[in-house]
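Shown next: final_0.cif, given as mmCIF, C-alpha atoms.
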data_final
loop_
_atom_site.label_atom_id
_atom_site.label_comp_id
_atom_site.auth_asym_id
_atom_site.auth_seq_id
_atom_site.Cartn_x
_atom_site.Cartn_y
_atom_site.Cartn_z
CA MET A 16 -13.01 9.26 13.16
CA VAL A 17 -14.50 9.33 16.64
CA ARG A 18 -14.19 11.58 19.66
CA LEU A 19 -14.86 10.02 23.05
CA ARG A 20 -15.35 10.99 26.69
CA LEU A 21 -16.03 8.94 29.81
CA HIS A 22 -18.81 9.37 32.35
CA PRO A 23 -18.76 7.51 35.69
CA SER A 24 -22.45 6.51 35.39
CA PHE A 25 -23.10 6.38 31.64
CA GLY A 26 -19.82 4.93 30.36
CA VAL A 27 -18.20 5.96 27.08
CA CYS A 28 -19.86 8.88 25.31
CA LEU A 29 -19.33 9.59 21.60
CA ARG A 30 -19.72 13.04 20.06
CA ASP A 31 -22.05 12.94 17.06
CA GLN A 32 -22.32 15.35 14.14
CA GLU A 33 -24.68 17.57 16.12
CA GLN A 34 -21.97 17.98 18.81
CA ARG A 35 -23.98 15.90 21.29
CA TRP A 36 -22.23 13.58 23.73
CA VAL A 37 -24.18 10.35 23.41
CA SER A 38 -23.84 7.54 25.96
CA LEU A 39 -23.31 4.33 24.00
CA GLU A 40 -24.60 2.26 26.90
CA GLN A 41 -27.83 4.28 26.98
CA ALA A 42 -28.19 4.15 23.19
CA LEU A 43 -27.84 0.37 23.18
CA ALA A 44 -30.31 0.00 26.03
CA ALA A 45 -32.86 2.10 24.14
CA LYS A 46 -32.76 -0.07 21.02
CA ALA A 47 -35.89 -2.12 20.44
CA ALA A 48 -34.41 -4.34 17.73
CA ALA A 49 -31.87 -7.10 18.31
CA LEU A 50 -28.26 -5.96 18.45
CA SER A 51 -25.98 -6.60 15.50
CA ALA A 52 -22.61 -8.33 15.92
CA ALA A 53 -20.85 -4.96 15.90
CA GLU A 54 -23.28 -3.56 18.47
CA GLU A 55 -22.67 -6.60 20.70
CA GLU A 56 -18.97 -5.78 20.58
CA ILE A 57 -19.74 -2.14 21.42
CA LYS A 58 -21.77 -3.38 24.39
CA THR A 59 -18.78 -5.24 25.82
CA SER A 60 -16.52 -2.19 25.33
CA ALA A 61 -18.88 0.68 26.18
CA GLY A 62 -17.45 1.10 29.67
CA SER A 63 -13.85 1.69 28.54
CA VAL A 64 -12.38 4.23 26.13
CA VAL A 65 -9.32 2.03 25.69
CA ALA A 66 -11.34 -1.09 24.92
CA LEU A 67 -13.56 0.71 22.42
CA LEU A 68 -10.61 2.24 20.55
CA ALA A 69 -9.05 -1.23 20.32
CA CYS A 70 -12.05 -2.37 18.25
CA SER A 71 -12.00 -2.60 14.47
CA PRO A 72 -12.87 0.37 12.22
CA ALA A 73 -16.16 -1.36 11.39
CA VAL A 74 -17.15 -1.42 15.06
CA LEU A 75 -16.21 2.24 15.51
CA GLU A 76 -18.30 3.10 12.45
CA ALA A 77 -21.22 1.22 14.00
CA ALA A 78 -20.72 3.21 17.21
CA THR A 79 -20.88 6.44 15.21
CA GLU A 80 -24.14 5.34 13.55
CA LEU A 81 -25.56 4.27 16.91
CA ALA A 82 -24.87 7.70 18.41
CA ALA A 83 -26.33 9.52 15.41
CA ALA A 84 -29.61 7.61 15.74
CA ALA A 85 -29.86 8.00 19.52
CA SER A 86 -32.64 10.03 21.12
CA ALA A 87 -32.15 13.05 23.38
CA SER A 88 -32.55 10.83 26.45
CA CYS A 89 -29.15 9.28 25.68
CA VAL A 90 -27.32 12.64 25.65
CA VAL A 91 -24.96 13.48 28.51
CA GLU A 92 -24.25 17.15 29.25
CA SER A 93 -21.67 17.15 32.05
CA GLY A 94 -19.89 15.14 34.73
CA PHE A 95 -17.15 13.67 32.55
CA VAL A 96 -14.05 12.24 34.23
CA LEU A 97 -10.52 11.10 33.37
CA PRO A 98 -10.96 9.20 30.08
CA PHE A 99 -8.79 6.29 31.21
CA GLN A 100 -6.26 5.37 33.87
CA PRO A 101 -2.88 4.78 32.21
CA ARG A 102 -1.10 1.54 33.03
CA SER A 103 2.22 2.97 31.86
CA PHE A 104 3.39 6.46 30.94
CA ARG A 105 6.41 7.32 28.83
CA ASP A 106 7.10 10.90 27.83
CA ALA A 107 9.36 11.20 24.79
CA GLY A 108 11.39 14.01 23.27
CA SER A 109 10.46 13.50 19.61
CA TYR A 110 11.09 16.97 18.19
CA VAL A 111 14.64 18.25 17.61
CA GLN A 112 13.60 21.89 18.10
CA HIS A 113 11.97 21.05 21.43
CA MET A 114 15.08 19.25 22.65
CA SER A 115 17.40 22.13 21.72
CA GLN A 116 15.09 24.60 23.47
CA ALA A 117 14.93 22.31 26.51
CA VAL A 118 18.73 22.22 26.80
CA ARG A 119 18.95 26.01 26.72
CA GLY A 120 16.12 26.28 29.22
CA PHE A 121 17.73 23.79 31.58
CA VAL A 122 21.02 25.68 31.58
CA ALA A 123 19.10 28.82 32.54
CA VAL A 124 17.31 26.99 35.36
CA ALA A 125 20.56 25.42 36.60
CA GLY A 126 22.16 28.86 36.67
CA LYS A 127 19.31 30.41 38.61
CA GLU A 128 19.36 27.56 41.14
CA GLY A 129 23.14 27.72 41.58
CA HIS A 130 24.01 24.44 39.86
CA LEU A 131 26.17 25.58 36.93
CA LEU A 132 29.48 24.64 38.59
CA GLN A 133 28.05 21.33 39.76
CA MET A 134 26.78 20.65 36.24
CA ALA A 135 30.17 21.42 34.70
CA LEU A 136 32.04 19.24 37.20
CA SER A 137 29.66 16.34 36.55
CA GLN A 138 30.81 16.21 32.91
CA ILE A 139 34.52 15.82 33.70
CA GLY A 140 35.84 12.48 32.53
CA LYS A 141 32.77 11.56 30.53
CA SER A 142 33.35 10.38 26.99
CA LEU A 143 31.55 11.99 24.09
CA ARG A 144 28.23 10.28 23.45
CA LEU A 145 27.15 10.14 19.81
CA PRO A 146 23.52 9.63 18.68
CA PHE A 147 22.40 6.20 17.51
CA GLY A 148 21.40 7.60 14.13
CA VAL A 149 22.30 10.56 11.95
CA ASN A 150 18.86 12.00 12.65
CA PRO A 151 18.86 13.27 16.28
CA ALA A 152 15.29 11.99 16.61
CA ALA A 153 16.02 8.55 15.14
CA ARG A 154 15.70 7.01 18.61
CA PRO A 155 14.06 9.66 20.78
CA GLY A 156 14.75 9.54 24.47
CA TYR A 157 11.98 9.27 27.00
CA TYR A 158 11.44 9.07 30.73
CA HIS A 159 9.09 6.79 32.67
CA GLY A 160 6.42 9.01 34.21
CA ASN A 161 4.09 8.20 37.09
CA PRO A 162 0.85 6.67 35.71
CA CYS A 163 -0.79 6.81 39.16
CA THR A 164 -0.93 10.60 39.47
CA PHE A 165 -2.99 11.57 36.41
CA ILE A 166 -5.69 14.16 36.97
CA ALA A 167 -8.52 15.20 34.67
CA ASP A 168 -9.14 18.52 32.99
CA GLY A 169 -10.56 20.89 35.61
CA ASP A 170 -9.09 19.06 38.62
CA GLU A 171 -6.83 20.94 41.01
CA ALA A 172 -3.15 20.31 40.27
CA PRO A 173 -1.05 19.70 43.40
CA TRP A 174 1.91 21.97 44.11
CA PRO A 175 4.60 19.89 45.90
CA SER A 176 5.89 21.40 49.14
CA THR A 177 9.47 20.88 47.92
CA CYS A 178 8.86 22.87 44.73
CA GLY A 179 9.34 26.59 44.28
CA TRP A 180 9.16 26.68 40.49
CA LEU A 181 6.30 24.68 38.92
CA ASP A 182 6.15 24.61 35.14
CA TYR A 183 3.90 22.92 32.58
CA GLU A 184 4.16 21.73 28.97
CA LEU A 185 1.15 21.05 26.78
CA GLU A 186 1.75 17.82 24.86
CA VAL A 187 -0.02 15.34 22.60
CA ALA A 188 -0.11 11.81 24.01
CA VAL A 189 -0.54 8.60 22.03
CA LEU A 190 -2.87 5.98 23.46
CA ILE A 191 -1.63 2.41 22.90
CA THR A 192 -4.64 0.06 22.99
CA ARG A 193 -2.99 -3.28 22.20
CA PRO A 194 0.10 -5.11 23.47
CA VAL A 195 3.27 -4.23 21.54
CA SER A 196 6.48 -6.23 21.77
CA ARG A 197 9.97 -4.75 21.68
CA GLU A 198 10.45 -6.29 18.22
CA ALA A 199 7.11 -5.13 16.79
CA THR A 200 6.86 -4.41 13.08
CA ALA A 201 5.65 -1.07 11.71
CA ALA A 202 2.29 -2.68 10.91
CA GLU A 203 1.91 -4.03 14.45
CA VAL A 204 2.72 -0.62 15.91
CA ALA A 205 0.21 1.05 13.57
CA ALA A 206 -2.50 -1.39 14.69
CA ALA A 207 -1.79 -0.57 18.34
CA LEU A 208 -2.20 3.21 17.94
CA GLY A 209 -5.68 3.68 19.34
CA GLY A 210 -5.93 7.45 19.66
CA PHE A 211 -4.57 10.77 20.85
CA VAL A 212 -5.27 12.91 23.91
CA LEU A 213 -3.85 16.19 25.23
CA ILE A 214 -1.85 16.16 28.45
CA ASN A 215 -0.09 18.77 30.57
CA ASP A 216 3.30 17.63 31.83
CA PHE A 217 4.00 19.40 35.14
CA SER A 218 7.63 19.86 36.21
CA ALA A 219 9.22 21.06 39.43
CA ARG A 220 12.04 22.89 37.65
CA ASP A 221 14.13 23.70 40.72
CA VAL A 222 13.93 20.08 41.87
CA GLN A 223 14.76 18.95 38.32
CA ALA A 224 17.93 21.02 38.20
CA ASP A 225 19.16 19.52 41.45
CA GLU A 226 18.42 15.87 40.71
CA LEU A 227 19.80 15.93 37.15
CA VAL A 228 23.18 17.41 38.04
CA SER A 229 23.61 15.58 41.36
CA VAL A 230 22.25 12.03 41.32
CA GLY A 231 21.81 11.85 37.55
CA PHE A 232 18.90 9.38 37.58
CA GLY A 233 16.88 11.57 35.20
CA PHE A 234 13.35 12.91 35.62
CA VAL A 235 12.06 11.29 38.82
CA LYS A 236 10.95 13.53 41.70
CA CYS A 237 10.53 16.59 39.49
CA LYS A 238 7.84 14.87 37.37
CA ALA A 239 6.11 12.65 39.92
CA ALA A 240 3.45 14.99 41.39
CA ALA A 241 0.86 15.08 38.61
CA THR A 242 0.09 14.99 34.90
CA ALA A 243 -3.18 16.47 33.63
CA MET A 244 -5.19 14.81 30.87
CA GLY A 245 -7.84 16.35 28.63
CA LEU A 246 -11.38 14.96 28.61
CA ASP A 247 -11.51 14.27 24.85
CA VAL A 248 -9.82 11.28 23.23
CA VAL A 249 -9.79 11.15 19.43
CA SER A 250 -9.25 8.02 17.37
CA SER A 251 -5.85 7.82 15.68
CA ASP A 252 -7.25 8.33 12.17
CA GLU A 253 -8.14 11.93 13.03
CA LEU A 254 -4.45 12.88 13.12
CA TRP A 255 -2.57 10.02 11.48
CA ALA A 256 -2.89 7.22 8.94
CA PRO A 257 -0.57 4.29 8.14
CA GLY A 258 1.95 5.22 5.48
CA ASP A 259 2.07 8.97 6.09
CA ARG A 260 3.18 11.33 8.81
CA GLY A 261 -0.26 12.81 9.43
CA SER A 262 -1.35 16.41 10.03
CA LEU A 263 0.21 16.37 13.49
CA PHE A 264 3.71 15.76 12.13
CA GLU A 265 3.77 17.63 8.82
CA GLY A 266 4.57 21.02 10.30
CA ARG A 267 1.00 22.30 10.36
CA GLY A 268 0.58 21.29 13.99
CA LEU A 269 -2.56 21.67 16.06
CA ARG A 270 -4.30 24.67 17.56
CA VAL A 271 -4.26 24.08 21.30
CA GLU A 272 -4.89 26.08 24.45
CA VAL A 273 -4.00 25.89 28.14
CA LYS A 274 -6.38 27.25 30.77
CA VAL A 275 -5.45 27.86 34.41
CA ASN A 276 -8.44 28.40 36.71
CA GLY A 277 -10.58 28.87 33.61
CA GLU A 278 -8.34 31.60 32.18
CA ALA A 279 -6.49 31.04 28.88
CA TRP A 280 -2.79 31.38 29.56
CA ARG A 281 -1.38 30.14 26.30
CA GLY A 282 -2.58 29.22 22.84
CA ALA A 283 -0.60 27.77 19.98
CA GLY A 284 -1.30 26.79 16.41
#

Give the structure from this file in structure tokens form.
Amino acid sequence: MVRLRLHPSFGVCLRDQEQRWVSLEQALAAKAAALSAAEEEIKTSAGSVVALLACSPAVLEAATELAAAASASCVVESGFVLPFQPRSFRDAGSYVQHMSQAVRGFVAVAGKEGHLLQMALSQIGKSLRLPFGVNPAARPGYYHGNPCTFIADGDEAPWPSTCGWLDYELEVAVLITRPVSREATAAEVAAALGGFVLINDFSARDVQADELVSVGFGFVKCKAAATAMGLDVVSSDELWAPGDRGSLFEGRGLRVEVKVNGEAWRGAG
């Protein structure tokens, strides 16, 4: 299990058992002995969180040992940035309870924004759509988010001029570190799960109500302004392992917290 951050000058930093953030690039440079094969692979990946998490468990274990043996001169205290720049972003509705709450919340927003009649009229003539599976979450829906507007923890979130009601949702994002085909097997998907990171999904709720009941293209303008990402990325084995559902999905959940301007607004366990 590893926890990583990114620094613009010192590359990927790994948190050791003493809670120090150790620059792997600096730790490798400080070594007097020849690098092992695993350390050579770390060297080629030490500038990218995604590349490092795509390495084998043996390489990640070597990175952990490298950080533990590093001197104080390799420790980074501050200045961390967005852990990685997503190439693609898909936000899924995987939890049945969340989806039912979202429907009720959307009806309330549509009513406040004066779209209830428009929403009702838009359903006239539409046939009943049944789920693909008996389980409502058998094939969870998702929208394509904007991967170009991610901001890091602590950055100022933009408030669109067209938005009067800006909302946020704290979510857990999965980092895919290897190519996955549409016909991938369960084992191939498991191998591609590199890690997890917290994100805040910002939504212009008044804009959302209008575009969903009028054009019907889905979440487009209402989600395009920004998505915030936490600084810490954890390897997938911290929350999940092949063959089980993992602590994240067994009902125990995670203790998380949202801060706005440094003030805790919401915590959940």

Which residue of A:Leu185, A:Thr192, A:Leu227, A:Ser218 approaches Trp280 (chain A) most closely, using all atoms listed in the file
A:Leu185

I'd like the residues picked by the PyMOL selection byres ((chain A and resi 166) around 7) written out as a list in words, using the chain letters and numbers from the file.
Leu97, Thr164, Phe165, Ala167, Asp168, Asp170, Ala241, Thr242, Ala243 and Met244 of chain A

Since I can't run it myself right now, could you work out what the PyMOL selection byres ((chain A and resi 239) around 10) selects here and report it as number ranges by chain?
A: 159-165, 175, 216-219, 234-238, 240-242

I'd like the residues picked by the PyMOL selection byres ((chain A and resi 70) around 10) written out as JSON, numbers by chain, using the chain letters and numbers from the file.
{"A": [53, 56, 57, 60, 65, 66, 67, 68, 69, 71, 72, 73, 74, 75, 192, 193, 209]}

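Neighbours of Ser93 (chain A) closer than or equal to 9 Å, with all atoms listed in the file counted and sequence neighbours fewer than 2 positions away skipped, come out as His22, Val91 and Phe95 of chain A.
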
Listed atoms of region 66-79 of chain A, axis-aligned box, 6 Å per side: centre and edge lengths to one decimal in Å, as JSON?
{"center_x": -15.1, "center_y": 1.9, "center_z": 18.2, "size_x": 24.2, "size_y": 21.0, "size_z": 25.5}

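Among A:Phe25, A:Ala78, A:Ala172, A:Val90, the residue with the shortest atom-to-atom distance to Asn276 (chain A), counting only C-alpha atoms, is A:Ala172.
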
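Distances from A:Glu54, A:Asp106, A:Glu184, A:Glu253 to Val271 (chain A) were compared using only C-alpha atoms, and the smallest one belongs to A:Glu184.
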
Selection near Ala188 (chain A), 6 Å with all atoms listed in the file, sequence-local residues under 5 positions removed, as a PDB file with C-alpha atoms, in the frame of the given file:
ATOM      1  CA  PHE A 211      -4.570  10.770  20.850  1.00  0.00           C
ATOM      2  CA  VAL A 212      -5.270  12.910  23.910  1.00  0.00           C
ATOM      3  CA  LEU A 213      -3.850  16.190  25.230  1.00  0.00           C
TER       4      LEU A 213
END

If I put a ball of radius 10 Å at (-27.4, 14.8, 11.9) in the file's coordinates, which residues poke into it when counting only C-alpha atoms, written as number ranges by chain?
A: 31-34, 82-84

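Residues surrounding Ile191 (chain A) within 12 Å are Val64, Val65, Ala66, Leu68, Ala69, Phe99, Pro101, Arg102, Ser103, Phe104, Arg105, Val195, Ser196, Glu203, Val204, Ala205, Ala206, Ala207, Leu208, Gly209, Gly210, Phe211, Val212, Ser250 and Ser251 of chain A [all atoms listed in the file; sequence separation below 4 positions excluded].
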
Could you tell me which of A:Ala224, A:Val189, A:Thr200, A:Ser88 comes closest to Trp255 (chain A) if we count only C-alpha atoms?
A:Val189

With distances taken over all atoms listed in the file, the candidate from A:Glu92, A:Glu186, A:Asp225, A:Glu80 nearest Leu269 (chain A) is A:Glu186

What is the distance, in Å and to one decimal place, between CA of Ser63 (chain A) and CA of Leu43 (chain A)?
15.0 Å

Point-to-point distance from CA of Arg20 (chain A) to CA of Arg35 (chain A), Å rounded to tenths
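Atom-to-atom, CA of Arg20 (chain A) to CA of Arg35 (chain A), that is 11.3 Å.
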
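The space separating CA of Gly169 (chain A) from CA of Pro98 (chain A) comes to 12.9 Å.
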